[in-house]
$ cat target07.csv   # CSV, C-alpha atoms
chain,number,residue,atom,x,y,z
A,1,MET,CA,-104.0,-15.9,-98.6
A,2,LYS,CA,-103.2,-17.5,-95.2
A,3,ASN,CA,-101.3,-20.8,-95.4
A,4,LYS,CA,-103.2,-23.9,-94.3
A,5,LYS,CA,-102.1,-25.2,-90.8
A,6,THR,CA,-100.3,-28.5,-90.7
A,7,THR,CA,-102.5,-31.3,-89.4
A,8,LEU,CA,-101.8,-34.7,-88.0
A,9,SER,CA,-102.8,-36.2,-91.3
A,10,ASP,CA,-100.1,-34.1,-93.0
A,11,ILE,CA,-97.4,-35.5,-90.7
A,12,ALA,CA,-98.9,-39.0,-91.1
A,13,LYS,CA,-98.6,-38.8,-94.9
A,14,ALA,CA,-95.1,-37.4,-94.7
A,15,THR,CA,-93.9,-40.2,-92.4
A,16,LYS,CA,-96.1,-43.0,-93.9
A,17,LEU,CA,-97.6,-43.7,-90.5
A,18,SER,CA,-101.2,-43.7,-89.3
A,19,THR,CA,-102.8,-40.6,-87.9
A,20,ALA,CA,-103.4,-42.4,-84.7
A,21,SER,CA,-99.7,-43.3,-84.4
A,22,VAL,CA,-98.6,-39.7,-85.0
A,23,SER,CA,-101.1,-38.5,-82.4
A,24,MET,CA,-99.8,-40.9,-79.8
A,25,ILE,CA,-96.2,-40.0,-80.4
A,26,LEU,CA,-96.7,-36.2,-80.3
A,27,SER,CA,-98.8,-36.5,-77.2
A,28,GLY,CA,-96.3,-38.9,-75.5
A,29,LYS,CA,-98.7,-41.8,-75.1
A,30,LYS,CA,-97.8,-45.5,-75.4
A,31,LEU,CA,-94.3,-44.7,-76.8
A,32,ASN,CA,-93.2,-48.3,-76.1
A,33,ARG,CA,-95.0,-49.2,-79.2
A,34,PHE,CA,-92.6,-47.3,-81.4
A,35,SER,CA,-88.9,-47.4,-82.1
A,36,ASN,CA,-86.7,-44.5,-81.2
A,37,GLU,CA,-86.1,-43.8,-84.9
A,38,THR,CA,-89.9,-43.6,-85.5
A,39,ILE,CA,-90.4,-41.2,-82.6
A,40,MET,CA,-87.6,-39.0,-83.7
A,41,GLN,CA,-88.8,-39.0,-87.3
A,42,VAL,CA,-92.3,-37.9,-86.3
A,43,ARG,CA,-91.0,-35.1,-84.0
A,44,LYS,CA,-88.6,-33.9,-86.7
A,45,THR,CA,-91.3,-33.9,-89.3
A,46,ALA,CA,-93.7,-32.0,-87.0
A,47,LYS,CA,-91.0,-29.4,-86.4
A,48,GLU,CA,-90.2,-29.1,-90.1
A,49,LEU,CA,-93.9,-28.7,-91.0
A,50,PHE,CA,-94.3,-26.1,-88.3
A,51,TYR,CA,-97.0,-28.2,-86.5
A,52,THR,CA,-98.2,-26.1,-83.6
A,53,ASN,CA,-101.5,-27.6,-82.5
A,54,LYS,CA,-100.0,-29.6,-79.7
A,55,LYS,CA,-99.1,-27.7,-76.5
A,56,HIS,CA,-95.7,-29.3,-76.2
A,57,THR,CA,-94.4,-28.6,-79.7
A,58,SER,CA,-93.0,-25.2,-78.6
A,59,LEU,CA,-90.7,-27.1,-76.2
A,60,LEU,CA,-89.0,-29.2,-79.0
A,61,GLY,CA,-85.2,-28.7,-78.7
A,62,LYS,CA,-85.3,-26.8,-75.4
A,63,THR,CA,-82.6,-27.8,-72.9
A,64,ILE,CA,-83.2,-28.5,-69.2
A,65,LEU,CA,-80.3,-28.7,-66.8
A,66,ILE,CA,-80.9,-31.4,-64.1
A,67,ILE,CA,-78.7,-31.1,-61.0
A,68,CYS,CA,-78.4,-34.0,-58.6
A,69,PRO,CA,-76.0,-35.0,-55.8
A,70,SER,CA,-75.3,-38.5,-57.2
A,71,VAL,CA,-76.7,-41.2,-59.5
A,72,TYR,CA,-75.3,-44.2,-57.5
A,73,ASN,CA,-78.3,-44.3,-55.2
A,74,PRO,CA,-81.3,-45.7,-57.2
A,75,TYR,CA,-83.4,-43.0,-55.6
A,76,TYR,CA,-81.8,-40.4,-57.8
A,77,SER,CA,-81.4,-42.5,-60.9
A,78,THR,CA,-85.1,-43.4,-60.7
A,79,LEU,CA,-86.1,-39.8,-60.1
A,80,ILE,CA,-84.0,-38.7,-63.1
A,81,GLN,CA,-85.4,-41.5,-65.3
A,82,GLY,CA,-88.9,-40.2,-64.6
A,83,MET,CA,-87.7,-36.7,-65.6
A,84,GLU,CA,-86.1,-38.0,-68.8
A,85,GLN,CA,-89.1,-40.1,-69.8
A,86,LYS,CA,-91.3,-37.0,-69.8
A,87,ALA,CA,-88.6,-34.9,-71.5
A,88,ILE,CA,-88.3,-37.4,-74.3
A,89,GLU,CA,-92.1,-37.3,-74.7
A,90,MET,CA,-91.9,-33.6,-75.2
A,91,GLY,CA,-88.8,-33.4,-77.3
A,92,ILE,CA,-86.8,-31.7,-74.5
A,93,ARG,CA,-83.1,-32.2,-74.2
A,94,THR,CA,-81.5,-32.7,-70.8
A,95,ILE,CA,-78.1,-32.2,-69.3
A,96,ILE,CA,-77.3,-33.9,-66.0
A,97,LYS,CA,-74.8,-32.5,-63.5
A,98,THR,CA,-73.8,-34.2,-60.3
A,99,THR,CA,-72.6,-32.1,-57.3
A,100,TYR,CA,-71.8,-34.8,-54.6
A,101,TRP,CA,-73.4,-32.3,-52.1
A,102,ASP,CA,-70.4,-30.0,-52.8
A,103,LEU,CA,-71.5,-26.3,-52.3
A,104,LEU,CA,-68.7,-25.1,-54.5
A,105,ILE,CA,-69.5,-27.5,-57.4
A,106,GLU,CA,-73.1,-26.3,-57.2
A,107,GLN,CA,-72.1,-22.7,-57.2
A,108,ASP,CA,-69.8,-23.3,-60.2
A,109,THR,CA,-72.5,-25.2,-62.1
A,110,LEU,CA,-75.0,-22.4,-61.6
A,111,LYS,CA,-72.5,-19.8,-62.7
A,112,SER,CA,-71.4,-21.7,-65.8
A,113,PHE,CA,-74.8,-22.5,-67.1
A,114,GLN,CA,-76.0,-18.9,-66.8
A,115,ARG,CA,-74.0,-18.4,-70.1
A,116,TYR,CA,-75.5,-21.6,-71.6
A,117,PRO,CA,-78.9,-21.4,-73.5
A,118,ILE,CA,-80.9,-23.5,-71.1
A,119,ALA,CA,-84.6,-23.1,-70.7
A,120,GLY,CA,-84.8,-24.1,-67.0
A,121,ILE,CA,-83.2,-26.0,-64.2
A,122,ILE,CA,-84.5,-29.0,-62.1
A,123,PHE,CA,-82.9,-29.8,-58.8
A,124,SER,CA,-83.4,-33.4,-57.7
A,125,MET,CA,-82.8,-32.2,-54.2
A,126,ILE,CA,-83.1,-28.9,-52.3
A,127,PRO,CA,-80.3,-26.7,-53.6
A,128,GLU,CA,-77.6,-25.6,-51.1
A,129,ASN,CA,-77.3,-22.1,-52.7
A,130,ILE,CA,-80.9,-21.1,-51.9
A,131,GLU,CA,-80.4,-17.3,-52.3
A,132,VAL,CA,-78.6,-17.7,-55.6
A,133,VAL,CA,-81.3,-20.0,-56.9
A,134,LYS,CA,-84.0,-17.6,-55.8
A,135,GLU,CA,-82.3,-14.9,-57.9
A,136,LEU,CA,-81.9,-17.2,-60.9
A,137,SER,CA,-85.6,-18.1,-60.7
A,138,LYS,CA,-86.3,-14.6,-61.8
A,139,GLN,CA,-84.5,-15.2,-65.1
A,140,PHE,CA,-85.9,-18.7,-66.0
A,141,PRO,CA,-88.0,-21.4,-64.5
A,142,ILE,CA,-86.5,-23.5,-61.7
A,143,VAL,CA,-88.1,-26.6,-60.1
A,144,ALA,CA,-86.8,-28.5,-57.0
A,145,VAL,CA,-87.8,-31.8,-55.7
A,146,GLY,CA,-88.0,-31.2,-52.0
A,147,ASP,CA,-89.9,-31.2,-48.7
A,148,GLU,CA,-93.3,-29.5,-48.4
A,149,ASP,CA,-92.2,-27.8,-45.1
A,150,ASN,CA,-89.8,-25.7,-47.1
A,151,ASN,CA,-91.1,-22.3,-48.3
A,152,PHE,CA,-89.1,-21.2,-51.3
A,153,ASP,CA,-89.8,-18.6,-54.0
A,154,PHE,CA,-89.5,-21.2,-56.7
A,155,ASP,CA,-91.6,-24.2,-57.8
A,156,THR,CA,-91.3,-27.5,-56.0
A,157,VAL,CA,-92.5,-31.1,-56.2
A,158,ASN,CA,-92.6,-32.3,-52.6
A,159,MET,CA,-93.0,-35.1,-50.1
A,160,ASN,CA,-93.6,-34.7,-46.4
A,161,ASN,CA,-90.5,-36.2,-44.7
A,162,PHE,CA,-91.8,-35.4,-41.2
A,163,GLU,CA,-95.0,-37.4,-41.9
A,164,ALA,CA,-92.8,-40.2,-43.4
A,165,GLY,CA,-90.8,-40.3,-40.1
A,166,LYS,CA,-94.0,-40.5,-38.1
A,167,LEU,CA,-95.2,-43.5,-40.2
A,168,ILE,CA,-92.0,-45.5,-39.6
A,169,GLY,CA,-92.0,-44.5,-35.9
A,170,GLN,CA,-95.6,-45.5,-35.3
A,171,HIS,CA,-95.1,-48.8,-37.1
A,172,LEU,CA,-92.3,-49.7,-34.8
A,173,ILE,CA,-94.3,-48.6,-31.7
A,174,ASP,CA,-97.3,-50.7,-32.8
A,175,LEU,CA,-95.0,-53.7,-33.0
A,176,GLY,CA,-93.9,-53.0,-29.4
A,177,HIS,CA,-90.5,-51.5,-30.0
A,178,LYS,CA,-89.4,-49.0,-27.3
A,179,ASN,CA,-85.7,-48.6,-28.0
A,180,VAL,CA,-84.7,-47.7,-31.5
A,181,ALA,CA,-81.7,-46.2,-33.3
A,182,TYR,CA,-81.7,-43.8,-36.2
A,183,ILE,CA,-78.7,-44.3,-38.6
A,184,SER,CA,-77.8,-41.5,-40.9
A,185,THR,CA,-75.3,-39.7,-43.1
A,186,SER,CA,-74.7,-36.0,-42.5
A,187,LEU,CA,-77.4,-34.3,-40.5
A,188,ASN,CA,-77.4,-30.6,-41.0
A,189,GLU,CA,-79.3,-27.6,-42.5
A,190,PHE,CA,-78.3,-28.7,-46.0
A,191,HIS,CA,-80.1,-32.1,-45.6
A,192,THR,CA,-83.6,-31.1,-44.4
A,193,ALA,CA,-85.1,-34.4,-45.6
A,194,ARG,CA,-82.9,-36.3,-43.2
A,195,THR,CA,-83.6,-34.1,-40.2
A,196,LYS,CA,-87.4,-34.0,-40.9
A,197,ARG,CA,-87.5,-37.8,-40.9
A,198,LEU,CA,-85.8,-37.9,-37.6
A,199,GLU,CA,-88.1,-35.2,-36.2
A,200,GLY,CA,-91.1,-37.3,-37.3
A,201,ILE,CA,-89.8,-40.4,-35.5
A,202,LYS,CA,-88.9,-38.5,-32.4
A,203,PHE,CA,-92.4,-36.9,-32.4
A,204,VAL,CA,-94.3,-40.2,-32.1
A,205,PHE,CA,-91.8,-41.6,-29.5
A,206,ASP,CA,-92.0,-38.5,-27.4
A,207,LYS,CA,-95.8,-38.5,-27.6
A,208,LYS,CA,-95.8,-42.1,-26.1
A,209,LYS,CA,-93.2,-41.0,-23.5
A,210,LEU,CA,-90.8,-43.7,-24.8
A,211,PRO,CA,-87.0,-43.6,-24.4
A,212,PRO,CA,-85.3,-41.0,-26.7
A,213,VAL,CA,-84.3,-42.2,-30.1
A,214,LYS,CA,-80.6,-43.0,-30.3
A,215,VAL,CA,-79.0,-41.1,-33.1
A,216,TYR,CA,-75.9,-42.2,-35.0
A,217,SER,CA,-74.7,-40.0,-37.8
A,218,GLN,CA,-71.5,-39.3,-39.7
A,219,ASP,CA,-70.6,-36.2,-41.6
A,220,ILE,CA,-69.7,-37.1,-45.1
A,221,LEU,CA,-67.4,-34.7,-47.0
A,222,PRO,CA,-67.9,-34.1,-50.8
A,223,GLN,CA,-64.5,-35.7,-51.4
A,224,GLU,CA,-65.7,-38.9,-49.7
A,225,GLU,CA,-68.9,-38.8,-51.8
A,226,ILE,CA,-66.9,-38.8,-54.9
A,227,ALA,CA,-64.2,-41.2,-53.8
A,228,THR,CA,-66.6,-43.9,-52.4
A,229,ALA,CA,-69.6,-44.5,-54.6
A,230,ASP,CA,-71.4,-46.7,-52.0
A,231,ILE,CA,-70.6,-44.3,-49.1
A,232,GLU,CA,-74.2,-44.5,-47.8
A,233,TYR,CA,-74.1,-48.3,-47.5
A,234,PHE,CA,-70.7,-48.2,-45.7
A,235,THR,CA,-71.9,-45.5,-43.4
A,236,GLY,CA,-74.9,-47.6,-42.4
A,237,TYR,CA,-72.6,-50.6,-41.9
A,238,LYS,CA,-70.0,-48.7,-39.8
A,239,LEU,CA,-72.5,-46.9,-37.6
A,240,THR,CA,-74.5,-50.1,-36.9
A,241,ASN,CA,-71.4,-51.8,-35.7
A,242,ILE,CA,-71.0,-48.9,-33.2
A,243,CYS,CA,-74.6,-49.1,-32.2
A,244,LEU,CA,-74.5,-52.8,-31.6
A,245,LYS,CA,-71.6,-52.4,-29.2
A,246,GLU,CA,-73.0,-49.3,-27.3
A,247,ASN,CA,-76.7,-50.0,-27.1
A,248,LYS,CA,-77.7,-53.6,-26.2
A,249,ASP,CA,-81.3,-52.5,-25.5
A,250,VAL,CA,-81.9,-51.3,-29.1
A,251,THR,CA,-84.3,-53.6,-30.9
A,252,ALA,CA,-84.9,-51.7,-34.1
A,253,MET,CA,-82.8,-49.6,-36.4
A,254,ILE,CA,-84.0,-47.1,-39.0
A,255,GLY,CA,-81.8,-46.1,-41.9
A,256,ILE,CA,-82.1,-42.6,-43.3
A,257,ASN,CA,-82.7,-44.2,-46.6
A,258,ASP,CA,-82.8,-47.7,-48.1
A,259,MET,CA,-79.1,-47.6,-49.1
A,260,VAL,CA,-78.1,-47.0,-45.4
A,261,ALA,CA,-80.6,-49.7,-44.4
A,262,TYR,CA,-78.7,-52.2,-46.5
A,263,GLY,CA,-75.6,-51.4,-44.6
A,264,ILE,CA,-77.5,-51.9,-41.3
A,265,ILE,CA,-78.8,-55.3,-42.5
A,266,ASN,CA,-75.3,-56.6,-43.4
A,267,ALA,CA,-73.7,-55.4,-40.2
A,268,ILE,CA,-76.4,-57.1,-38.1
A,269,LYS,CA,-76.0,-60.3,-40.0
A,270,ASP,CA,-72.2,-60.2,-39.8
A,271,HIS,CA,-72.6,-60.2,-36.0
A,272,ASP,CA,-74.7,-63.4,-36.4
A,273,PHE,CA,-77.9,-61.8,-35.5
A,274,LYS,CA,-81.2,-62.4,-37.3
A,275,ILE,CA,-83.6,-60.0,-39.0
A,276,PRO,CA,-86.3,-59.4,-37.8
A,277,GLN,CA,-86.0,-61.9,-34.9
A,278,ASP,CA,-83.2,-60.0,-33.2
A,279,TYR,CA,-83.4,-56.6,-34.8
A,280,SER,CA,-86.0,-55.0,-37.0
A,281,VAL,CA,-84.8,-52.7,-39.8
A,282,CYS,CA,-86.5,-49.9,-41.7
A,283,GLY,CA,-85.5,-47.6,-44.5
A,284,PHE,CA,-87.0,-44.8,-46.6
A,285,ASP,CA,-87.7,-44.4,-50.4
A,286,ASN,CA,-88.7,-47.9,-51.5
A,287,ILE,CA,-86.0,-48.0,-54.2
A,288,PHE,CA,-86.3,-51.0,-56.5
A,289,PRO,CA,-83.8,-53.4,-54.8
A,290,SER,CA,-86.0,-53.1,-51.6
A,291,LYS,CA,-88.6,-55.4,-53.3
A,292,PHE,CA,-86.1,-58.2,-54.0
A,293,ALA,CA,-87.0,-61.6,-52.6
A,294,SER,CA,-83.7,-61.8,-50.6
A,295,LEU,CA,-84.3,-58.4,-48.9
A,296,LYS,CA,-87.9,-57.3,-48.7
A,297,LEU,CA,-87.2,-54.2,-46.7
A,298,THR,CA,-89.9,-52.4,-44.7
A,299,THR,CA,-89.7,-48.8,-46.0
A,300,ILE,CA,-91.6,-45.7,-47.1
A,301,GLU,CA,-92.9,-45.3,-50.6
A,302,HIS,CA,-92.2,-41.8,-52.0
A,303,SER,CA,-93.5,-42.1,-55.6
A,304,ILE,CA,-90.0,-41.4,-56.9
A,305,PHE,CA,-90.6,-42.0,-60.6
A,306,LYS,CA,-93.9,-40.1,-60.6
A,307,ARG,CA,-92.3,-37.1,-58.9
A,308,GLY,CA,-89.6,-37.1,-61.6
A,309,VAL,CA,-92.2,-37.1,-64.3
A,310,LYS,CA,-94.2,-34.4,-62.5
A,311,ALA,CA,-91.1,-32.2,-62.0
A,312,MET,CA,-90.4,-32.2,-65.8
A,313,SER,CA,-94.1,-31.6,-66.6
A,314,LEU,CA,-94.1,-28.6,-64.2
A,315,ILE,CA,-91.1,-27.0,-65.6
A,316,ALA,CA,-92.5,-27.4,-69.1
A,317,THR,CA,-95.6,-25.5,-68.1
A,318,LYS,CA,-93.5,-22.8,-66.5
A,319,ILE,CA,-91.3,-22.5,-69.6
A,320,ASN,CA,-94.4,-21.9,-71.7
A,321,GLU,CA,-95.7,-19.3,-69.3
A,322,HIS,CA,-92.3,-17.6,-69.2
A,323,GLU,CA,-92.0,-17.5,-73.0
A,324,ASN,CA,-95.5,-16.2,-73.4
A,325,ASN,CA,-94.8,-13.4,-70.9
A,326,GLU,CA,-97.5,-14.7,-68.6
A,327,ASP,CA,-97.6,-13.6,-64.9
A,328,ASN,CA,-95.0,-15.8,-63.2
A,329,LEU,CA,-95.5,-14.5,-59.7
A,330,GLN,CA,-97.4,-17.7,-58.8
A,331,VAL,CA,-95.3,-20.4,-57.0
A,332,THR,CA,-96.5,-23.9,-57.6
A,333,ARG,CA,-96.0,-26.6,-54.9
A,334,ILE,CA,-97.1,-30.2,-55.7
A,335,ASP,CA,-97.2,-32.5,-52.7
A,336,TYR,CA,-97.1,-36.3,-52.7
A,337,LYS,CA,-98.2,-38.4,-49.7
A,338,SER,CA,-95.9,-41.0,-48.2
A,339,LYS,CA,-97.0,-44.6,-47.8
A,340,LEU,CA,-95.7,-47.3,-45.3
A,341,ILE,CA,-94.6,-50.5,-47.1
A,342,VAL,CA,-94.4,-53.3,-44.5
A,343,ARG,CA,-92.2,-56.3,-45.6
A,344,GLU,CA,-90.1,-58.9,-43.8
A,345,THR,CA,-87.5,-56.9,-42.0
A,346,THR,CA,-89.8,-55.7,-39.2
A,347,ASP,CA,-91.6,-57.7,-36.5
A,348,LYS,CA,-92.1,-57.6,-32.7
A,349,PRO,CA,-89.0,-57.0,-30.6
A,350,ARG,CA,-86.9,-59.9,-29.4
A,351,GLY,CA,-88.1,-61.4,-26.1
A,352,SER,CA,-91.7,-60.4,-26.6
A,353,LEU,CA,-94.4,-63.0,-26.2
$ encode --input "target07.csv" --output "structure tokens"
Amino acid sequence: MKNKKTTLSDIAKATKLSTASVSMILSGKKLNRFSNETIMQVRKTAKELFYTNKKHTSLLGKTILIICPSVYNPYYSTLIQGMEQKAIEMGIRTIIKTTYWDLLIEQDTLKSFQRYPIAGIIFSMIPENIEVVKELSKQFPIVAVGDEDNNFDFDTVNMNNFEAGKLIGQHLIDLGHKNVAYISTSLNEFHTARTKRLEGIKFVFDKKKLPPVKVYSQDILPQEEIATADIEYFTGYKLTNICLKENKDVTAMIGINDMVAYGIINAIKDHDFKIPQDYSVCGFDNIFPSKFASLKLTTIEHSIFKRGVKAMSLIATKINEHENNEDNLQVTRIDYKSKLIVRETTDKPRGSL
């Protein structure tokens, strides 16, 4: 005689909770209503009773490796929190490894975890060891948070950095700015998001036949990333000081991200200039401090938290397909649109009527 399948009512009886509460917990809905102890109790009971009706039950106890360059920038910490929120809902364990944009650390991490029983890897950025990652994606699911212009053989959750650059560039042009500077950390083939944003800005300025965008960048070594947690801020501050001395005609500065933009803002203020009366300042990413009343930075919304959630959901789907021996030749690319957020750090250029 075939054993009766475990139902939500069985779990509710065992945990002394309502069926509705058990259903919400196992489906990852409205978890803020329950304590961590209650959530863990329900998931443990579901596993012990071999509850298999919910699609995520098979993921309980699986381990996902999350690789990111740093957690100091709120962009990455917000992205990872989105991933972890979804992981907790599904009973997935996570391991976070920071690389500080060091190629060797990334290589060593990938090599080490090939011997570890992980179910998949999420990169919170485009990996530097592309060919190695392509090979690993044949063994287990890999998802990267990247740029939609990249064409990889593994799954990605993307934003369009070129379009984001165009949005910022067009905003400044519409305000009347003709001379702008782009302030950035390392600009090279390993940082396509930074170069794509610059290309988007240049595109709209070239289209209007305006003066070339002034570019100030500084190569940051991995050792500097590790030694100086707020390296992006200090890079923005340092390069802005140089720009202020060299280019008196610049009326707006664009930081590669909001952290760099904060450095730009403080450097401008330390020279006794006002924002936006003397200089307009923009960033990218719309991290949570950019909304603060004392800052209110014009920036680009990139749906950071939602992309983190989506990356974890995607790799969960891919793990299920992989373990069920389903055809995994399909590469999934999920794209998010960028949105301009206009706040108080941008206005018409100084001297305009």
$ residues_near_point --input "target07.csv" --point "(-85.3, -44.6, -54.7)" --cutoff "6 Å" --atoms "only C-alpha atoms" --output "ChimeraX atom specification"
/A:74-75,285-287
$ atom_distance --input "target07.csv" --atom1 "CA of Phe288 in chain A" --atom2 "CA of Val71 in chain A"
14.0 Å
$ closest_residue --input "target07.csv" --among "A:Ile142, A:Glu189, A:Pro222, A:Lys208" --to "Glu106 in chain A" --atoms "only C-alpha atoms"
A:Pro222
$ residues_around --input "target07.csv" --residues "range 252-258 of chain A" --least-positions-apart "6" --cutoff "7 Å" --atoms "all atoms listed in the file" --output "list of chain:residue names"
A:His177, A:Asn179, A:Val180, A:Ala181, A:Tyr182, A:Ile183, A:Ser184, A:Arg194, A:Tyr279, A:Ser280, A:Val281, A:Cys282, A:Gly283, A:Phe284, A:Asp285, A:Asn286, A:Ile287
$ closest_residue --input "target07.csv" --among "A:Leu65, A:Thr15, A:Lys166, A:Ser77" --to "Pro117 in chain A" --atoms "all atoms listed in the file"
A:Leu65
$ decode --input "target07.csv" --residues "range 174-199 of chain A" --atoms "N, CA and C atoms" --output "short mmCIF file (atom, residue, chain, number, x, y, z; two decimals), in the first residue's frame"
data_model
loop_
_atom_site.label_atom_id
_atom_site.label_comp_id
_atom_site.auth_asym_id
_atom_site.auth_seq_id
_atom_site.Cartn_x
_atom_site.Cartn_y
_atom_site.Cartn_z
N ASP A 174 20.09 68.29 -21.55
CA ASP A 174 18.80 68.99 -21.45
C ASP A 174 18.86 70.17 -20.50
N LEU A 175 19.72 70.07 -19.48
CA LEU A 175 19.90 71.18 -18.54
C LEU A 175 20.76 72.29 -19.13
N GLY A 176 21.48 71.98 -20.21
CA GLY A 176 22.33 72.98 -20.86
C GLY A 176 23.82 72.79 -20.68
N HIS A 177 24.23 71.68 -20.07
CA HIS A 177 25.66 71.43 -19.86
C HIS A 177 26.33 71.00 -21.17
N LYS A 178 27.48 71.57 -21.44
CA LYS A 178 28.24 71.24 -22.65
C LYS A 178 29.60 70.62 -22.31
N ASN A 179 30.11 70.95 -21.15
CA ASN A 179 31.43 70.45 -20.74
C ASN A 179 31.30 69.62 -19.46
N VAL A 180 31.48 68.33 -19.59
CA VAL A 180 31.33 67.45 -18.44
C VAL A 180 32.56 66.57 -18.28
N ALA A 181 32.74 66.07 -17.07
CA ALA A 181 33.85 65.16 -16.77
C ALA A 181 33.29 63.86 -16.22
N TYR A 182 33.94 62.77 -16.60
CA TYR A 182 33.57 61.43 -16.13
C TYR A 182 34.66 60.95 -15.20
N ILE A 183 34.32 60.68 -13.94
CA ILE A 183 35.28 60.31 -12.90
C ILE A 183 35.11 58.83 -12.59
N SER A 184 36.18 58.05 -12.71
CA SER A 184 36.02 56.60 -12.58
C SER A 184 37.24 55.92 -11.96
N THR A 185 36.98 54.80 -11.31
CA THR A 185 38.03 53.87 -10.94
C THR A 185 38.42 53.11 -12.21
N SER A 186 39.20 52.07 -12.10
CA SER A 186 39.80 51.37 -13.24
C SER A 186 38.85 51.22 -14.44
N LEU A 187 39.32 51.64 -15.60
CA LEU A 187 38.57 51.47 -16.85
C LEU A 187 39.34 50.50 -17.74
N ASN A 188 38.86 49.26 -17.80
CA ASN A 188 39.53 48.27 -18.64
C ASN A 188 38.54 47.17 -19.01
N GLU A 189 39.05 46.13 -19.69
CA GLU A 189 38.17 45.08 -20.19
C GLU A 189 37.52 44.25 -19.09
N PHE A 190 38.03 44.34 -17.86
CA PHE A 190 37.44 43.60 -16.75
C PHE A 190 36.27 44.34 -16.11
N HIS A 191 36.09 45.60 -16.49
CA HIS A 191 35.04 46.43 -15.89
C HIS A 191 34.16 47.01 -16.98
N THR A 192 33.44 46.13 -17.65
CA THR A 192 32.64 46.55 -18.80
C THR A 192 31.51 47.50 -18.41
N ALA A 193 30.98 47.38 -17.20
CA ALA A 193 29.91 48.29 -16.78
C ALA A 193 30.41 49.73 -16.80
N ARG A 194 31.63 49.94 -16.35
CA ARG A 194 32.20 51.29 -16.31
C ARG A 194 32.44 51.84 -17.71
N THR A 195 32.96 51.01 -18.59
CA THR A 195 33.24 51.47 -19.95
C THR A 195 31.95 51.68 -20.73
N LYS A 196 30.94 50.83 -20.51
CA LYS A 196 29.66 50.97 -21.22
C LYS A 196 28.95 52.26 -20.80
N ARG A 197 29.02 52.60 -19.53
CA ARG A 197 28.40 53.84 -19.08
C ARG A 197 29.05 55.05 -19.75
N LEU A 198 30.37 55.01 -19.82
CA LEU A 198 31.09 56.09 -20.49
C LEU A 198 30.72 56.16 -21.97
N GLU A 199 30.63 55.02 -22.62
CA GLU A 199 30.27 55.00 -24.04
C GLU A 199 28.89 55.60 -24.27
#
